[in-house]
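Coordinates as given in protein-v2.csv (CSV, C-alpha atoms):
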chain,number,residue,atom,x,y,z
A,1,MET,CA,52.9,27.2,2.7
A,2,SER,CA,51.2,24.8,0.3
A,3,ARG,CA,49.4,22.7,2.9
A,4,THR,CA,46.5,24.3,4.9
A,5,ASP,CA,47.0,22.1,7.9
A,6,THR,CA,50.5,23.3,8.5
A,7,ARG,CA,50.5,25.5,11.6
A,8,ARG,CA,51.3,29.2,11.3
A,9,THR,CA,54.7,28.8,12.9
A,10,GLY,CA,55.8,27.0,9.8
A,11,ARG,CA,56.8,24.0,11.9
A,12,ARG,CA,55.5,20.6,10.9
A,13,PRO,CA,53.4,18.8,13.5
A,14,GLY,CA,55.4,16.3,15.4
A,15,THR,CA,58.6,18.4,15.6
A,16,SER,CA,59.9,20.7,18.3
A,17,ASP,CA,56.5,21.8,19.7
A,18,SER,CA,55.5,18.2,20.3
A,19,ARG,CA,58.9,17.4,21.6
A,20,GLU,CA,58.7,20.1,24.2
A,21,GLN,CA,55.1,19.1,25.1
A,22,ILE,CA,56.3,15.6,25.6
A,23,ALA,CA,59.3,16.8,27.8
A,24,VAL,CA,57.0,18.9,30.0
A,25,ALA,CA,54.5,16.0,30.4
A,26,ALA,CA,57.3,13.5,31.1
A,27,ARG,CA,58.9,15.8,33.8
A,28,SER,CA,55.7,16.2,35.7
A,29,LEU,CA,54.8,12.5,35.5
A,30,PHE,CA,58.3,11.5,36.6
A,31,ALA,CA,57.9,13.9,39.6
A,32,GLU,CA,54.4,12.7,40.4
A,33,LEU,CA,54.6,9.0,39.8
A,34,GLY,CA,58.2,8.1,40.0
A,35,TYR,CA,60.3,6.3,37.4
A,36,GLU,CA,58.6,2.9,37.3
A,37,ARG,CA,55.0,4.0,36.9
A,38,THR,CA,55.7,6.6,34.3
A,39,SER,CA,55.1,5.0,30.9
A,40,PHE,CA,55.3,6.2,27.2
A,41,ARG,CA,51.6,5.7,27.0
A,42,LYS,CA,50.8,8.0,30.0
A,43,ILE,CA,53.3,10.6,28.8
A,44,ALA,CA,51.7,10.5,25.3
A,45,ALA,CA,48.2,10.9,26.8
A,46,SER,CA,49.2,13.8,29.0
A,47,ALA,CA,51.0,15.5,26.1
A,48,GLY,CA,48.1,14.8,23.7
A,49,VAL,CA,50.3,13.0,21.1
A,50,ASP,CA,50.6,9.5,19.8
A,51,PRO,CA,52.8,7.1,21.9
A,52,ALA,CA,54.7,6.3,18.7
A,53,LEU,CA,55.9,9.9,18.6
A,54,VAL,CA,57.4,9.6,22.1
A,55,VAL,CA,59.3,6.5,20.9
A,56,HIS,CA,60.3,8.3,17.8
A,57,PHE,CA,61.8,11.2,19.7
A,58,TYR,CA,63.4,9.4,22.6
A,59,GLY,CA,63.7,5.7,21.8
A,60,SER,CA,63.9,4.3,25.3
A,61,LYS,CA,62.6,5.4,28.7
A,62,GLU,CA,66.1,5.6,30.0
A,63,GLU,CA,67.1,8.0,27.2
A,64,LEU,CA,63.9,10.0,27.7
A,65,PHE,CA,64.7,10.3,31.4
A,66,ARG,CA,68.3,11.3,30.7
A,67,GLN,CA,67.2,14.0,28.3
A,68,VAL,CA,64.2,15.6,29.9
A,69,MET,CA,65.5,15.4,33.5
A,70,ALA,CA,68.9,16.8,32.7
A,71,LEU,CA,69.8,20.0,34.7
A,72,PRO,CA,68.9,23.0,32.5
A,73,PRO,CA,72.0,24.2,30.6
A,74,ALA,CA,71.7,27.7,32.2
A,75,LEU,CA,72.0,26.2,35.6
A,76,ALA,CA,75.0,24.1,34.7
A,77,ASP,CA,76.6,27.2,33.3
A,78,ALA,CA,75.8,29.2,36.4
A,79,LEU,CA,77.5,26.5,38.6
A,80,ALA,CA,80.5,26.4,36.3
A,81,ARG,CA,81.0,30.2,36.6
A,82,LEU,CA,80.9,30.3,40.4
A,83,ALA,CA,84.5,29.4,40.9
A,84,ASP,CA,85.5,32.6,39.0
A,85,GLY,CA,84.5,34.9,41.8
A,86,PRO,CA,86.1,35.4,45.3
A,87,ARG,CA,86.7,32.2,47.2
A,88,GLU,CA,85.5,33.8,50.5
A,89,THR,CA,81.9,34.1,49.1
A,90,VAL,CA,81.6,31.1,46.8
A,91,GLY,CA,79.3,29.3,49.3
A,92,ARG,CA,76.9,32.2,49.2
A,93,ARG,CA,77.0,32.4,45.4
A,94,LEU,CA,76.3,28.7,45.3
A,95,ALA,CA,73.4,29.1,47.7
A,96,GLU,CA,72.0,31.9,45.5
A,97,VAL,CA,72.2,29.7,42.3
A,98,VAL,CA,70.7,26.6,44.0
A,99,ILE,CA,67.9,28.3,45.9
A,100,GLY,CA,67.2,30.4,42.7
A,101,ALA,CA,66.8,27.2,40.7
A,102,LEU,CA,64.5,25.7,43.3
A,103,GLU,CA,62.3,28.8,43.4
A,104,ASN,CA,61.8,28.5,39.7
A,105,PRO,CA,58.8,26.1,39.1
A,106,ALA,CA,60.3,24.4,36.0
A,107,SER,CA,63.7,23.6,37.5
A,108,ARG,CA,62.1,22.7,40.8
A,109,THR,CA,60.0,20.1,39.0
A,110,ILE,CA,63.1,18.6,37.4
A,111,THR,CA,65.0,18.6,40.7
A,112,LEU,CA,62.2,17.0,42.8
A,113,GLY,CA,61.5,14.5,40.0
A,114,ARG,CA,65.1,13.5,39.9
A,115,ILE,CA,65.2,13.0,43.6
A,116,ARG,CA,61.9,11.1,43.6
A,117,CYS,CA,62.9,8.8,40.8
A,118,ALA,CA,66.4,8.2,42.1
A,119,THR,CA,65.2,7.2,45.5
A,120,THR,CA,62.6,4.8,44.3
A,121,HIS,CA,64.1,3.0,41.3
A,122,PRO,CA,67.6,1.5,40.8
A,123,ASP,CA,67.7,2.4,37.0
A,124,ALA,CA,66.8,6.0,37.8
A,125,ALA,CA,69.3,6.0,40.7
A,126,ALA,CA,72.0,5.0,38.2
A,127,LEU,CA,71.0,7.7,35.7
A,128,VAL,CA,71.0,10.4,38.5
A,129,ARG,CA,74.3,9.2,40.0
A,130,GLU,CA,75.9,9.7,36.5
A,131,THR,CA,75.2,13.4,36.7
A,132,VAL,CA,74.1,14.4,40.2
A,133,THR,CA,77.4,15.5,41.4
A,134,ARG,CA,79.2,16.0,38.1
A,135,ASP,CA,78.6,19.7,37.9
A,136,LEU,CA,79.2,20.1,41.6
A,137,ARG,CA,82.4,18.1,41.4
A,138,LYS,CA,83.7,20.5,38.6
A,139,LEU,CA,82.9,23.4,40.9
A,140,ALA,CA,84.6,21.8,43.9
A,141,ALA,CA,87.7,20.8,41.9
A,142,ALA,CA,88.0,24.4,40.6
A,143,VAL,CA,87.9,25.7,44.2
A,144,THR,CA,90.2,23.1,46.0
A,145,ASP,CA,92.2,19.9,45.4
A,146,ASP,CA,91.3,18.6,48.8
A,147,ARG,CA,88.7,15.8,48.1
A,148,PRO,CA,86.5,17.6,45.6
A,149,ASP,CA,84.5,14.4,45.1
A,150,VAL,CA,83.6,14.2,48.8
A,151,ARG,CA,82.7,17.9,48.8
A,152,ALA,CA,80.5,17.5,45.8
A,153,VAL,CA,78.4,14.8,47.3
A,154,LEU,CA,78.1,16.6,50.7
A,155,ILE,CA,76.8,19.6,48.8
A,156,GLY,CA,74.4,17.5,46.7
A,157,ALA,CA,73.0,15.9,49.9
A,158,GLU,CA,72.5,19.3,51.5
A,159,VAL,CA,70.6,20.5,48.3
A,160,VAL,CA,68.4,17.3,48.4
A,161,GLY,CA,67.6,17.7,52.1
A,162,ILE,CA,66.7,21.4,51.7
A,163,ALA,CA,64.7,20.8,48.5
A,164,LEU,CA,62.6,18.0,50.1
A,165,ALA,CA,62.0,19.8,53.4
A,166,ARG,CA,61.1,23.2,51.9
A,167,TYR,CA,59.3,22.3,48.7
A,168,ALA,CA,58.0,18.7,49.1
A,169,VAL,CA,57.3,17.9,52.7
A,170,LEU,CA,56.7,21.7,53.6
A,171,VAL,CA,58.4,21.6,57.0
A,172,GLU,CA,58.0,24.8,58.9
A,173,PRO,CA,59.5,27.3,59.4
A,174,LEU,CA,61.6,26.5,56.4
A,175,ALA,CA,58.7,26.2,54.0
A,176,SER,CA,57.4,29.8,54.6
A,177,MET,CA,60.7,31.6,54.8
A,178,THR,CA,61.8,34.0,52.1
A,179,ALA,CA,64.3,32.6,49.6
A,180,SER,CA,66.7,35.2,50.8
A,181,ASP,CA,66.5,33.9,54.4
A,182,VAL,CA,67.1,30.3,53.2
A,183,ILE,CA,70.1,31.5,51.2
A,184,ASP,CA,71.5,33.1,54.4
A,185,LEU,CA,71.0,29.8,56.3
A,186,VAL,CA,72.6,27.4,53.8
A,187,ALA,CA,75.4,29.7,52.6
A,188,PRO,CA,77.7,28.9,55.6
A,189,THR,CA,77.2,25.2,55.1
A,190,PHE,CA,78.0,25.4,51.4
A,191,GLN,CA,81.1,27.6,52.2
A,192,HIS,CA,82.2,24.9,54.7
A,193,TYR,CA,81.7,22.0,52.3
A,194,LEU,CA,83.4,23.9,49.4
A,195,VAL,CA,86.3,25.7,51.0
A,196,GLU,CA,87.0,24.9,54.6
A,197,PRO,CA,88.9,21.8,55.9
A,198,LEU,CA,86.3,19.0,55.9
A,199,THR,CA,87.4,17.5,59.2
A,200,PRO,CA,89.1,19.3,62.1
B,1,MET,CA,47.8,-25.9,77.9
B,2,SER,CA,44.5,-27.6,77.2
B,3,ARG,CA,44.5,-26.9,73.5
B,4,THR,CA,47.0,-28.7,71.3
B,5,ASP,CA,47.0,-25.9,68.6
B,6,THR,CA,48.2,-23.3,71.1
B,7,ARG,CA,51.8,-22.4,70.3
B,8,ARG,CA,54.6,-23.2,72.7
B,9,THR,CA,55.1,-19.6,73.7
B,10,GLY,CA,51.7,-19.7,75.3
B,11,ARG,CA,50.7,-16.7,73.2
B,12,ARG,CA,47.4,-16.8,71.4
B,13,PRO,CA,47.7,-16.5,67.6
B,14,GLY,CA,46.8,-13.0,66.6
B,15,THR,CA,48.5,-11.2,69.5
B,16,SER,CA,51.9,-9.7,69.8
B,17,ASP,CA,53.7,-12.0,67.4
B,18,SER,CA,51.2,-11.2,64.6
B,19,ARG,CA,51.3,-7.5,65.5
B,20,GLU,CA,55.1,-7.4,65.2
B,21,GLN,CA,54.9,-9.4,61.9
B,22,ILE,CA,52.4,-6.8,60.6
B,23,ALA,CA,54.6,-3.9,61.7
B,24,VAL,CA,57.7,-5.4,59.9
B,25,ALA,CA,55.7,-6.1,56.7
B,26,ALA,CA,54.2,-2.6,56.8
B,27,ARG,CA,57.6,-0.9,57.2
B,28,SER,CA,59.1,-2.6,54.3
B,29,LEU,CA,56.1,-2.0,52.0
B,30,PHE,CA,55.9,1.7,53.0
B,31,ALA,CA,59.6,2.0,52.2
B,32,GLU,CA,59.3,0.0,48.9
B,33,LEU,CA,56.0,1.2,47.5
B,34,GLY,CA,55.3,4.5,49.2
B,35,TYR,CA,52.2,5.5,51.2
B,36,GLU,CA,49.5,5.4,48.5
B,37,ARG,CA,50.3,1.9,47.1
B,38,THR,CA,50.7,0.2,50.5
B,39,SER,CA,47.3,-1.4,51.4
B,40,PHE,CA,46.0,-3.4,54.3
B,41,ARG,CA,45.6,-6.3,51.9
B,42,LYS,CA,49.2,-6.2,50.7
B,43,ILE,CA,50.5,-5.9,54.3
B,44,ALA,CA,48.3,-8.8,55.4
B,45,ALA,CA,49.6,-11.0,52.5
B,46,SER,CA,53.2,-10.1,53.3
B,47,ALA,CA,52.8,-10.8,57.0
B,48,GLY,CA,50.8,-14.0,56.4
B,49,VAL,CA,47.8,-12.9,58.3
B,50,ASP,CA,44.1,-12.1,57.6
B,51,PRO,CA,43.5,-8.4,56.5
B,52,ALA,CA,40.9,-8.2,59.3
B,53,LEU,CA,43.6,-8.6,61.8
B,54,VAL,CA,45.5,-5.6,60.4
B,55,VAL,CA,42.3,-3.5,60.8
B,56,HIS,CA,41.8,-5.0,64.3
B,57,PHE,CA,45.3,-3.9,65.5
B,58,TYR,CA,45.6,-0.5,63.7
B,59,GLY,CA,42.1,0.7,62.6
B,60,SER,CA,43.2,3.1,59.9
B,61,LYS,CA,46.1,3.3,57.5
B,62,GLU,CA,47.0,6.7,59.0
B,63,GLU,CA,47.2,5.2,62.5
B,64,LEU,CA,49.2,2.2,61.2
B,65,PHE,CA,51.7,4.5,59.6
B,66,ARG,CA,51.9,6.6,62.7
B,67,GLN,CA,52.6,3.6,64.9
B,68,VAL,CA,54.9,1.4,62.8
B,69,MET,CA,56.9,4.3,61.3
B,70,ALA,CA,57.6,6.1,64.6
B,71,LEU,CA,61.2,6.6,65.5
B,72,PRO,CA,62.3,3.7,67.7
B,73,PRO,CA,62.0,4.9,71.4
B,74,ALA,CA,65.7,4.1,72.0
B,75,LEU,CA,66.6,6.6,69.3
B,76,ALA,CA,64.3,9.3,70.7
B,77,ASP,CA,65.9,8.7,74.1
B,78,ALA,CA,69.4,8.9,72.7
B,79,LEU,CA,68.6,12.2,71.0
B,80,ALA,CA,67.0,13.6,74.3
B,81,ARG,CA,70.2,12.7,76.2
B,82,LEU,CA,72.6,14.5,73.8
B,83,ALA,CA,72.1,17.9,75.4
B,84,ASP,CA,73.5,16.6,78.7
B,85,GLY,CA,77.1,16.3,77.5
B,86,PRO,CA,79.5,19.1,76.6
B,87,ARG,CA,78.2,21.7,74.2
B,88,GLU,CA,81.4,21.8,72.2
B,89,THR,CA,81.0,18.2,71.1
B,90,VAL,CA,77.2,18.0,70.8
B,91,GLY,CA,77.3,18.0,67.0
B,92,ARG,CA,79.6,15.0,67.0
B,93,ARG,CA,77.5,13.1,69.4
B,94,LEU,CA,74.4,13.8,67.3
B,95,ALA,CA,76.3,12.6,64.2
B,96,GLU,CA,77.1,9.4,66.1
B,97,VAL,CA,73.5,8.8,67.0
B,98,VAL,CA,72.1,9.6,63.6
B,99,ILE,CA,74.7,7.6,61.5
B,100,GLY,CA,74.4,4.8,64.1
B,101,ALA,CA,70.7,4.6,63.5
B,102,LEU,CA,71.1,4.7,59.7
B,103,GLU,CA,73.7,1.9,59.9
B,104,ASN,CA,71.1,-0.3,61.7
B,105,PRO,CA,68.9,-2.0,59.0
B,106,ALA,CA,65.7,-1.8,61.1
B,107,SER,CA,65.9,1.9,61.8
B,108,ARG,CA,67.3,2.6,58.3
B,109,THR,CA,64.1,1.0,56.8
B,110,ILE,CA,61.9,3.3,59.0
B,111,THR,CA,63.9,6.4,58.1
B,112,LEU,CA,64.0,5.8,54.3
B,113,GLY,CA,60.3,4.7,54.4
B,114,ARG,CA,59.3,7.9,56.2
B,115,ILE,CA,61.3,10.0,53.6
B,116,ARG,CA,59.8,8.1,50.7
B,117,CYS,CA,56.2,8.3,51.9
B,118,ALA,CA,56.5,12.0,53.0
B,119,THR,CA,57.9,13.1,49.7
B,120,THR,CA,55.3,11.3,47.6
B,121,HIS,CA,51.9,11.7,49.5
B,122,PRO,CA,50.4,14.7,51.3
B,123,ASP,CA,48.8,12.6,54.1
B,124,ALA,CA,52.1,10.9,54.8
B,125,ALA,CA,53.9,14.3,54.6
B,126,ALA,CA,51.5,15.6,57.2
B,127,LEU,CA,52.1,12.6,59.5
B,128,VAL,CA,55.9,13.0,59.1
B,129,ARG,CA,55.8,16.8,59.6
B,130,GLU,CA,54.1,16.1,63.0
B,131,THR,CA,57.2,14.3,64.3
B,132,VAL,CA,60.1,14.7,62.0
B,133,THR,CA,61.6,17.7,63.8
B,134,ARG,CA,59.9,17.2,67.2
B,135,ASP,CA,62.8,15.3,68.8
B,136,LEU,CA,65.4,17.5,67.1
B,137,ARG,CA,63.6,20.6,68.2
B,138,LYS,CA,63.7,19.4,71.8
B,139,LEU,CA,67.4,18.9,71.4
B,140,ALA,CA,68.0,22.3,69.8
B,141,ALA,CA,65.9,24.0,72.5
B,142,ALA,CA,68.0,22.3,75.2
B,143,VAL,CA,71.2,23.6,73.6
B,144,THR,CA,70.2,27.2,72.6
B,145,ASP,CA,67.3,29.6,72.6
B,146,ASP,CA,68.3,31.1,69.3
B,147,ARG,CA,65.7,29.8,66.8
B,148,PRO,CA,65.7,26.1,67.8
B,149,ASP,CA,62.9,25.4,65.3
B,150,VAL,CA,65.0,26.6,62.4
B,151,ARG,CA,68.0,24.6,63.7
B,152,ALA,CA,65.9,21.5,64.0
B,153,VAL,CA,64.7,21.6,60.4
B,154,LEU,CA,68.2,22.4,59.0
B,155,ILE,CA,69.5,19.3,60.9
B,156,GLY,CA,66.5,17.2,59.7
B,157,ALA,CA,67.2,18.3,56.1
B,158,GLU,CA,70.9,17.3,56.5
B,159,VAL,CA,69.9,13.9,57.8
B,160,VAL,CA,67.5,13.3,54.9
B,161,GLY,CA,70.1,14.3,52.3
B,162,ILE,CA,72.9,12.1,53.8
B,163,ALA,CA,70.4,9.2,54.2
B,164,LEU,CA,69.3,9.3,50.6
B,165,ALA,CA,72.7,9.9,49.1
B,166,ARG,CA,74.5,7.2,51.1
B,167,TYR,CA,71.8,4.5,51.6
B,168,ALA,CA,69.3,5.0,48.7
B,169,VAL,CA,70.9,6.5,45.7
B,170,LEU,CA,74.4,5.1,46.7
B,171,VAL,CA,76.4,8.1,45.5
B,172,GLU,CA,80.1,7.6,45.7
B,173,PRO,CA,82.4,8.2,47.6
B,174,LEU,CA,79.8,8.6,50.3
B,175,ALA,CA,78.2,5.2,49.9
B,176,SER,CA,81.4,3.2,50.4
B,177,MET,CA,82.9,5.2,53.3
B,178,THR,CA,83.1,3.8,56.8
B,179,ALA,CA,80.4,5.1,59.2
B,180,SER,CA,83.2,6.6,61.2
B,181,ASP,CA,84.3,8.7,58.2
B,182,VAL,CA,80.8,9.9,57.6
B,183,ILE,CA,80.4,10.9,61.2
B,184,ASP,CA,83.7,13.0,60.9
B,185,LEU,CA,82.2,14.7,57.8
B,186,VAL,CA,78.8,15.6,59.1
B,187,ALA,CA,79.7,16.4,62.8
B,188,PRO,CA,80.9,20.0,61.9
B,189,THR,CA,77.7,20.7,60.1
B,190,PHE,CA,75.5,19.4,63.0
B,191,GLN,CA,77.7,21.5,65.4
B,192,HIS,CA,77.1,24.6,63.3
B,193,TYR,CA,73.4,24.0,63.0
B,194,LEU,CA,73.0,23.2,66.7
B,195,VAL,CA,75.4,25.6,68.5
B,196,GLU,CA,76.9,28.3,66.2
B,197,PRO,CA,75.3,31.6,65.1
B,198,LEU,CA,73.1,30.5,62.1
B,199,THR,CA,74.0,33.6,60.0
B,200,PRO,CA,77.1,35.7,60.1

Now, as a test, write the supplied structure out as structure tokens.
Amino acid sequence: MSRTDTRRTGRRPGTSDSREQIAVAARSLFAELGYERTSFRKIAASAGVDPALVVHFYGSKEELFRQVMALPPALADALARLADGPRETVGRRLAEVVIGALENPASRTITLGRIRCATTHPDAAALVRETVTRDLRKLAAAVTDDRPDVRAVLIGAEVVGIALARYAVLVEPLASMTASDVIDLVAPTFQHYLVEPLTP
Amino acid sequence: MSRTDTRRTGRRPGTSDSREQIAVAARSLFAELGYERTSFRKIAASAGVDPALVVHFYGSKEELFRQVMALPPALADALARLADGPRETVGRRLAEVVIGALENPASRTITLGRIRCATTHPDAAALVRETVTRDLRKLAAAVTDDRPDVRAVLIGAEVVGIALARYAVLVEPLASMTASDVIDLVAPTFQHYLVEPLTP
């Protein structure tokens, strides 16, 4: 440690700490303001860094959105592992993973931010479309070969509706229920969309 | 007709024609910009009227939102009549009414505008909460006495998810399907939420 202004962690300023601060600031601005009104300048101000550093790390707003608003890897892994268990209960396991993610403030901010941006700006819609059903499609394809792509989007739509009603618009009685009660209510729908014949 | 500047309809300027122009302009601005950024001034400019006329007709932004973003009476009537038919097919009839309304550009603008405003502004969320499940709750209560309020919000969430995925984010294959195919896919979910035991 030859320089006294180097922080105790041994990291140089402007490396991973700043990167994470920028990501956290960007996620909450995307969720609060939407895609269009979230600028590098506002993100930098909120993260307490120079705007040039945001550009340095992420290059474009599109790339920034892609990286900071991606589903957390642990969540994608959890979805991928769901098909390994019994088919009769895969809908319940999916409900546990989805509601678990929404109960966690960090992944809830990402989910609500993705929904908000995708529904209000075509560029963000295109970015979200790329990935929104990718992990769900993998899961559906591992469970059945009957229209997994349709099943994935139906599940994605159910997740979006529940996320908005419970966590954004706060519609009762859904907003005040326990997570466990919500899991009980959506598990049969996920089971239907994942496993059962889609149409009679 | 003593005055030559009176229009041929015999209506005075600033009456029902202007009122409807203001309502149309307000609906598309609420849907495009959200609640916060939609102002009386922008609505007046878009409708080609004086801002004072918007104030004259609607008084407050809250009252304007309440009136112009209400579900069309024909849709509320259609929902109310659904419980009259056979219970075994009420989910399908609901799907027909809901998807029919979303296929209609005027009621789609209202629905997407309500969702956008409710998910981005607390005042709009409160206004939408007042009514979002009121008509669905009446329907659910006419079908069953087992937790109609929970059933109403689950149906509302499903409608929101399908509306956003198909008409706003344009997620495939849902976006390109025929309305009839979408009805086939969501009817079993509506039937479950309206009629079947909610939890096993």

Mind dumping a table of every chain A residue within 8 Å of chain B, with the nearest atom pair and its distance in Å to one decimal, using all atoms listed in the file, sorted by chain and rising number, as JSON lines?
{"residue": "A:Glu32", "atom": "CA", "partner": "B:Thr120", "partner_atom": "CA", "distance": 7.4}
{"residue": "A:Arg116", "atom": "CA", "partner": "B:Thr119", "partner_atom": "CA", "distance": 7.6}
{"residue": "A:Ala118", "atom": "CA", "partner": "B:Val169", "partner_atom": "CA", "distance": 6.0}
{"residue": "A:Thr119", "atom": "CA", "partner": "B:Ala168", "partner_atom": "CA", "distance": 5.6}
{"residue": "A:Thr120", "atom": "CA", "partner": "B:Glu32", "partner_atom": "CA", "distance": 7.4}
{"residue": "A:Pro122", "atom": "CA", "partner": "B:Val169", "partner_atom": "CA", "distance": 7.7}
{"residue": "A:Ala125", "atom": "CA", "partner": "B:Val169", "partner_atom": "CA", "distance": 5.3}
{"residue": "A:Ala126", "atom": "CA", "partner": "B:Val169", "partner_atom": "CA", "distance": 7.7}
{"residue": "A:Arg129", "atom": "CA", "partner": "B:Val171", "partner_atom": "CA", "distance": 6.0}
{"residue": "A:Asp149", "atom": "CA", "partner": "B:Pro173", "partner_atom": "CA", "distance": 7.0}
{"residue": "A:Val150", "atom": "CA", "partner": "B:Pro173", "partner_atom": "CA", "distance": 6.2}
{"residue": "A:Val153", "atom": "CA", "partner": "B:Leu174", "partner_atom": "CA", "distance": 7.0}
{"residue": "A:Leu154", "atom": "CA", "partner": "B:Ile162", "partner_atom": "CA", "distance": 7.5}
{"residue": "A:Gly156", "atom": "CA", "partner": "B:Gly161", "partner_atom": "CA", "distance": 7.8}
{"residue": "A:Ala157", "atom": "CA", "partner": "B:Gly161", "partner_atom": "CA", "distance": 4.1}
{"residue": "A:Glu158", "atom": "CA", "partner": "B:Gly161", "partner_atom": "CA", "distance": 5.6}
{"residue": "A:Val159", "atom": "CA", "partner": "B:Gly161", "partner_atom": "CA", "distance": 7.4}
{"residue": "A:Val160", "atom": "CA", "partner": "B:Gly161", "partner_atom": "CA", "distance": 5.2}
{"residue": "A:Gly161", "atom": "CA", "partner": "B:Ala157", "partner_atom": "CA", "distance": 4.1}
{"residue": "A:Ile162", "atom": "CA", "partner": "B:Ala157", "partner_atom": "CA", "distance": 5.4}
{"residue": "A:Leu164", "atom": "CA", "partner": "B:Thr119", "partner_atom": "CA", "distance": 6.8}
{"residue": "A:Ala165", "atom": "CA", "partner": "B:Ala157", "partner_atom": "CA", "distance": 6.0}
{"residue": "A:Ala168", "atom": "CA", "partner": "B:Thr119", "partner_atom": "CA", "distance": 5.6}
{"residue": "A:Val169", "atom": "CA", "partner": "B:Ala125", "partner_atom": "CA", "distance": 5.3}
{"residue": "A:Leu170", "atom": "CA", "partner": "B:Arg129", "partner_atom": "CA", "distance": 7.8}
{"residue": "A:Val171", "atom": "CA", "partner": "B:Arg129", "partner_atom": "CA", "distance": 6.0}
{"residue": "A:Glu172", "atom": "CA", "partner": "B:Val153", "partner_atom": "CA", "distance": 7.6}
{"residue": "A:Pro173", "atom": "CA", "partner": "B:Val150", "partner_atom": "CA", "distance": 6.3}
{"residue": "A:Leu174", "atom": "CA", "partner": "B:Val150", "partner_atom": "CA", "distance": 6.9}
{"residue": "A:Asp184", "atom": "CA", "partner": "B:Thr199", "partner_atom": "CA", "distance": 6.2}
{"residue": "A:Leu185", "atom": "CA", "partner": "B:Thr199", "partner_atom": "CA", "distance": 6.1}
{"residue": "A:Pro188", "atom": "CA", "partner": "B:Thr199", "partner_atom": "CA", "distance": 7.4}
{"residue": "A:Thr189", "atom": "CA", "partner": "B:Thr189", "partner_atom": "CA", "distance": 6.7}
{"residue": "A:Leu198", "atom": "CA", "partner": "B:Leu185", "partner_atom": "CA", "distance": 6.2}
{"residue": "A:Thr199", "atom": "CA", "partner": "B:Asp184", "partner_atom": "CA", "distance": 6.1}

Set the distance at 8 Å and use all atoms listed in the file: which residues neighbour stretch 60-76 of chain B once local chain neighbours fewer than 6 positions away are removed? I'd like the list as number ranges by chain. B: 23-24, 26-27, 39-40, 97, 101, 107, 110-111, 113-114, 123-124, 127, 135

The selected residues should be written to file as a PDB file, in the coordinates of the input (atoms: C-alpha atoms).
ATOM      1  CA  ALA B  23      54.600  -3.900  61.700  1.00  0.00           C
ATOM      2  CA  VAL B  24      57.700  -5.400  59.900  1.00  0.00           C
ATOM      3  CA  ALA B  26      54.200  -2.600  56.800  1.00  0.00           C
ATOM      4  CA  ARG B  27      57.600  -0.900  57.200  1.00  0.00           C
ATOM      5  CA  SER B  39      47.300  -1.400  51.400  1.00  0.00           C
ATOM      6  CA  PHE B  40      46.000  -3.400  54.300  1.00  0.00           C
ATOM      7  CA  VAL B  97      73.500   8.800  67.000  1.00  0.00           C
ATOM      8  CA  ALA B 101      70.700   4.600  63.500  1.00  0.00           C
ATOM      9  CA  SER B 107      65.900   1.900  61.800  1.00  0.00           C
ATOM     10  CA  ILE B 110      61.900   3.300  59.000  1.00  0.00           C
ATOM     11  CA  THR B 111      63.900   6.400  58.100  1.00  0.00           C
ATOM     12  CA  GLY B 113      60.300   4.700  54.400  1.00  0.00           C
ATOM     13  CA  ARG B 114      59.300   7.900  56.200  1.00  0.00           C
ATOM     14  CA  ASP B 123      48.800  12.600  54.100  1.00  0.00           C
ATOM     15  CA  ALA B 124      52.100  10.900  54.800  1.00  0.00           C
ATOM     16  CA  LEU B 127      52.100  12.600  59.500  1.00  0.00           C
ATOM     17  CA  ASP B 135      62.800  15.300  68.800  1.00  0.00           C
TER      18      ASP B 135
END

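Around B:Lys42, within 10 Å and counting only C-alpha atoms, the residues found are Ala25, Ala26, Leu29, Gly48 and Pro51 of chain B, once anything fewer than 6 positions away on its own chain is removed.
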
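Note that the spacing between atom CA of B:Leu53 and atom CA of B:Ile22 amounts to 9.1 Å.
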
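You will find atom CA of A:Thr144 at 11.9 Å from atom CA of A:Gln191.
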
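Atom CA of B:Met177 to atom CA of A:Asp146 spans 16.4 Å [interatomic distance, one decimal].
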
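In this comparison, which uses only C-alpha atoms, the residue of B:Leu102, B:Ala179, B:Ala45, B:Val54 approaching B:Arg19 most closely is B:Val54.
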
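Checking A:Ser176, A:Asp77, A:Gly100, A:Ala106 one by one against A:Ser28, counting all atoms listed in the file, you find the shortest gap at A:Ala106.
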